[in-house]
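A short worksheet on the structure shown next.
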Amino acid sequence: MATTVTPKGLEGIVAASSGVCYIDGEAGVLAYRGIDIHELAEKSNFEETCYLLWFGKLPTRAELADLKAKLAAERKVDPAIFEMMARVPKRATPMEVLRTAVSALSFYDSEAEKIDHDANVRKSIRLTSQIAMLVAGFDRIRKGKSVVAPDPSLSHSSNFLLMLNGEKPSPTAEKALDVALILHADHELNASTFAARVTAATLSDMHSAITSALGALKGPLHGGANEAVMRMLFDIDKKGEDPVEHVKKMLADKKKISGFGHRVYHTEDPRATHLRQMSRDLGRSANPKWYDMSAKIEQYIKSDKHLNANVDFYSASTYTTLGIDVDLFTPIFAVSRISGWAAHVIEQLDDNRLIRPRADYIGPKYPNKYVPMEQR
């Protein structure tokens, strides 16, 4: 019988041993396989980061070229998936459609039921390519546009923007999205990753595990915070208000300001450092108002509430400046995080044990006798 009372939300509880992601919340450190996120954001690319997460080391030139070729070769989705997307109700959100489409991908995957290491790596590559295609494809379908064919010569980031917008992106836009994908690739045992590992631990398949992760990511307390940030900025802009005064009013009305504070980091979220810079750089070449508004809000919240911006705050203005619709923010999170989810599923199934925690019982005291119907 469980005797230890656990903190609400399992805060601070170590639930697994993992070699994928290292976090030091006090020092503001995030590292994949021990390599600092700042180094990866400055020197790496998303494909190399995927290799690092899945294989545990940086690739050689030949290994990276091989992975890029495999990712390009897996940019294919059965037409039935896009046909299904075209038939969903108009009210269906991109996250709902993505969650359902990823589950349906297993119907067309000859390795869907295989859970050995090599099959899981192949499915990681396949799903990383396919999820990007699904997000871009659905956005075009819902807008009455044709799905854009992938270009095998382009990087993962560039190909996604091509399939989304119908034209090859600028080097600045490609680089901005590539860095954003690196920054979002993994974050230890967050809600969606833990959901994926719990599902994988039952010896279910990769598609089921990733579908579980998507279900968790869909929640506004996990993947949807940057959407809330951008909707706030849109509201400020529409009303023509001063950003700081608008935020003061929200706080006076006891409303939450999304994009600040973090469950793990007690200093600046290291991902926010790069997204702030990206938002500023993109704004200079396009529309600076979203960055300018964000910077004023950040300065006020930091000085008045002593809260730091997290990964969601500047990713909102970054994605909007790239021309991405607000309801695609969370799906794009998945375009990146599939790499980390897959790494954790591989790790879980390489040395599996069913994840089965206990609950601290707080119900009626035992024995609570059954009362016959006529005596109630």
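Within each chain, counting starts at residue 1; across the structure tokens, chains are named A, B, ... in the order shown, with ligands numbered 1 upward in that order.
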From segment 77-299 of chain A, collect each residue whose DSSP state is helix (DSSP H, G or I) and return the set as number ranges by chain. A: 79-87, 94-108, 117-142, 156-165, 171-184, 191-201, 206-217, 225-239, 243-252, 270-285, 289-299
If we count only C-alpha atoms, what is near Ala309 of chain A at a cut-off of 8 Å, once residues fewer than 6 positions away on the same chain are taken out, given as a list in words? Gly259, Phe260, Gly261, Glu268, Asp269, Ala272, Glu298 and Lys302 of chain A
Identify which of the residues A:Thr49, A:Thr100, A:Ser285, A:Asn310 lies closest to Cys21 of chain A, counting only C-alpha atoms when measuring atom-to-atom distances. A:Thr49
How close does segment 172-290 of chain A get to segment 327-348 of chain A? List, as JSON lines, each residue of segment 172-290 of chain A within 12 Å, its nearest atom pair and the distance in Å to one decimal, counting only C-alpha atoms.
{"residue": "A:Leu177", "atom": "CA", "partner": "A:Ile332", "partner_atom": "CA", "distance": 9.6}
{"residue": "A:Asp178", "atom": "CA", "partner": "A:Ser336", "partner_atom": "CA", "distance": 9.2}
{"residue": "A:Val179", "atom": "CA", "partner": "A:Ser336", "partner_atom": "CA", "distance": 10.1}
{"residue": "A:Ala180", "atom": "CA", "partner": "A:Ser336", "partner_atom": "CA", "distance": 8.1}
{"residue": "A:Leu181", "atom": "CA", "partner": "A:Ser336", "partner_atom": "CA", "distance": 4.7}
{"residue": "A:Ile182", "atom": "CA", "partner": "A:Ser336", "partner_atom": "CA", "distance": 7.1}
{"residue": "A:Leu183", "atom": "CA", "partner": "A:Ser336", "partner_atom": "CA", "distance": 8.4}
{"residue": "A:His184", "atom": "CA", "partner": "A:Ser336", "partner_atom": "CA", "distance": 5.8}
{"residue": "A:Ala185", "atom": "CA", "partner": "A:Arg337", "partner_atom": "CA", "distance": 4.4}
{"residue": "A:Asp186", "atom": "CA", "partner": "A:Gly340", "partner_atom": "CA", "distance": 4.5}
{"residue": "A:His187", "atom": "CA", "partner": "A:Gly340", "partner_atom": "CA", "distance": 7.7}
{"residue": "A:Glu188", "atom": "CA", "partner": "A:Gly340", "partner_atom": "CA", "distance": 8.4}
{"residue": "A:Leu189", "atom": "CA", "partner": "A:His344", "partner_atom": "CA", "distance": 9.1}
{"residue": "A:Asn190", "atom": "CA", "partner": "A:Trp341", "partner_atom": "CA", "distance": 10.1}
{"residue": "A:Ala191", "atom": "CA", "partner": "A:Trp341", "partner_atom": "CA", "distance": 10.8}
{"residue": "A:Ser192", "atom": "CA", "partner": "A:Trp341", "partner_atom": "CA", "distance": 7.9}
{"residue": "A:Thr193", "atom": "CA", "partner": "A:Trp341", "partner_atom": "CA", "distance": 5.5}
{"residue": "A:Phe194", "atom": "CA", "partner": "A:His344", "partner_atom": "CA", "distance": 8.7}
{"residue": "A:Ala195", "atom": "CA", "partner": "A:Trp341", "partner_atom": "CA", "distance": 9.4}
{"residue": "A:Ala196", "atom": "CA", "partner": "A:Val345", "partner_atom": "CA", "distance": 6.7}
{"residue": "A:Arg197", "atom": "CA", "partner": "A:Val345", "partner_atom": "CA", "distance": 5.7}
{"residue": "A:Val198", "atom": "CA", "partner": "A:Gln348", "partner_atom": "CA", "distance": 8.9}
{"residue": "A:Thr199", "atom": "CA", "partner": "A:Val345", "partner_atom": "CA", "distance": 8.9}
{"residue": "A:Ala200", "atom": "CA", "partner": "A:Val345", "partner_atom": "CA", "distance": 6.1}
{"residue": "A:Ala201", "atom": "CA", "partner": "A:Gln348", "partner_atom": "CA", "distance": 6.6}
{"residue": "A:Thr202", "atom": "CA", "partner": "A:Gln348", "partner_atom": "CA", "distance": 10.2}
{"residue": "A:Leu203", "atom": "CA", "partner": "A:Gln348", "partner_atom": "CA", "distance": 9.6}
{"residue": "A:Ser204", "atom": "CA", "partner": "A:Val345", "partner_atom": "CA", "distance": 10.2}
{"residue": "A:Asp205", "atom": "CA", "partner": "A:Val345", "partner_atom": "CA", "distance": 9.2}
{"residue": "A:Met206", "atom": "CA", "partner": "A:Val345", "partner_atom": "CA", "distance": 7.0}
{"residue": "A:His207", "atom": "CA", "partner": "A:Ala342", "partner_atom": "CA", "distance": 9.7}
{"residue": "A:Ser208", "atom": "CA", "partner": "A:Val345", "partner_atom": "CA", "distance": 10.5}
{"residue": "A:Ala209", "atom": "CA", "partner": "A:Val345", "partner_atom": "CA", "distance": 7.4}
{"residue": "A:Ile210", "atom": "CA", "partner": "A:Trp341", "partner_atom": "CA", "distance": 6.9}
{"residue": "A:Thr211", "atom": "CA", "partner": "A:Ile338", "partner_atom": "CA", "distance": 10.4}
{"residue": "A:Ser212", "atom": "CA", "partner": "A:Trp341", "partner_atom": "CA", "distance": 10.3}
{"residue": "A:Ala213", "atom": "CA", "partner": "A:Trp341", "partner_atom": "CA", "distance": 7.5}
{"residue": "A:Leu214", "atom": "CA", "partner": "A:Ala334", "partner_atom": "CA", "distance": 7.3}
{"residue": "A:Gly215", "atom": "CA", "partner": "A:Ala334", "partner_atom": "CA", "distance": 10.8}
{"residue": "A:Ala216", "atom": "CA", "partner": "A:Ala334", "partner_atom": "CA", "distance": 10.9}
{"residue": "A:Leu217", "atom": "CA", "partner": "A:Thr330", "partner_atom": "CA", "distance": 7.5}
{"residue": "A:Lys218", "atom": "CA", "partner": "A:Thr330", "partner_atom": "CA", "distance": 7.1}
{"residue": "A:Gly219", "atom": "CA", "partner": "A:Thr330", "partner_atom": "CA", "distance": 9.4}
{"residue": "A:Pro220", "atom": "CA", "partner": "A:Thr330", "partner_atom": "CA", "distance": 9.3}
{"residue": "A:Leu221", "atom": "CA", "partner": "A:Thr330", "partner_atom": "CA", "distance": 11.4}
{"residue": "A:His222", "atom": "CA", "partner": "A:Thr330", "partner_atom": "CA", "distance": 9.1}
{"residue": "A:Gly223", "atom": "CA", "partner": "A:Thr330", "partner_atom": "CA", "distance": 5.4}
{"residue": "A:Gly224", "atom": "CA", "partner": "A:Thr330", "partner_atom": "CA", "distance": 5.7}
{"residue": "A:Ala225", "atom": "CA", "partner": "A:Thr330", "partner_atom": "CA", "distance": 8.5}
{"residue": "A:Asn226", "atom": "CA", "partner": "A:Phe329", "partner_atom": "CA", "distance": 7.0}
{"residue": "A:Glu227", "atom": "CA", "partner": "A:Phe329", "partner_atom": "CA", "distance": 6.4}
{"residue": "A:Ala228", "atom": "CA", "partner": "A:Asp327", "partner_atom": "CA", "distance": 10.0}
{"residue": "A:Val229", "atom": "CA", "partner": "A:Phe329", "partner_atom": "CA", "distance": 10.8}
{"residue": "A:Met230", "atom": "CA", "partner": "A:Phe329", "partner_atom": "CA", "distance": 9.7}
{"residue": "A:Arg231", "atom": "CA", "partner": "A:Asp327", "partner_atom": "CA", "distance": 10.1}
Of the candidates A:Gly28, A:Lys175, A:Phe82, A:Ile115, which shows the shortest atom-to-atom distance to Gly137 of chain A, using only C-alpha atoms?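 Once distances to Gly137 of chain A are computed over only C-alpha atoms, the minimum belongs to A:Phe82.
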Which value, in Å to one decimal, gives the distance between atom CA of Thr320 of chain A and atom CA of Tyr291 of chain A? 10.1 Å
Just the number, please: distance in Å from atom CA of Val326 of chain A to atom CA of Tyr265 of chain A, one decimal. 25.5 Å
Long-range neighbours of Lys57 of chain A as a ChimeraX atom specification, 9 Å cut-off, only C-alpha atoms, 5 positions minimum in chain: /A:33,51-52
Long-range neighbours of Gly56 of chain A as a PyMOL selection string, 9 Å cut-off, only C-alpha atoms, 6 positions minimum in chain: chain A and resi 19-20+32-33
So which residues touch segment 61-72 of chain A within 7 Å, counting only C-alpha atoms, skipping near sequence neighbours fewer than 6 positions away, as a PyMOL selection string? chain A and resi 47-48+125-126+129+152
Using C-alpha atoms, can you export the residues from the last selection as a PDB file, in the first residue's frame?
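Wrote it out as part-v1.pdb, contents follow:
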ATOM      1  CA  GLU A  47      18.027  17.189 -38.885  1.00  0.00           C
ATOM      2  CA  GLU A  48      21.296  16.968 -36.937  1.00  0.00           C
ATOM      3  CA  ILE A 125      12.088   9.151 -39.319  1.00  0.00           C
ATOM      4  CA  ARG A 126       8.804   8.408 -41.106  1.00  0.00           C
ATOM      5  CA  SER A 129       8.490  13.707 -42.171  1.00  0.00           C
ATOM      6  CA  PRO A 152      13.458  16.351 -51.632  1.00  0.00           C
TER       7      PRO A 152
END
So the first atom is atom CA of Val135 of chain A and the second is atom CA of Leu98 of chain A; what is the distance between them in Å, to one decimal place?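 Between atom CA of Val135 of chain A and atom CA of Leu98 of chain A the gap works out to 6.8 Å.
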Determine, counting only C-alpha atoms, which protein, DNA and RNA residues have an atom within 12 Å of an atom of Ile297 of chain A; residues of the same chain fewer than 3 positions away are not included. Present the result as a count of residues only. 32
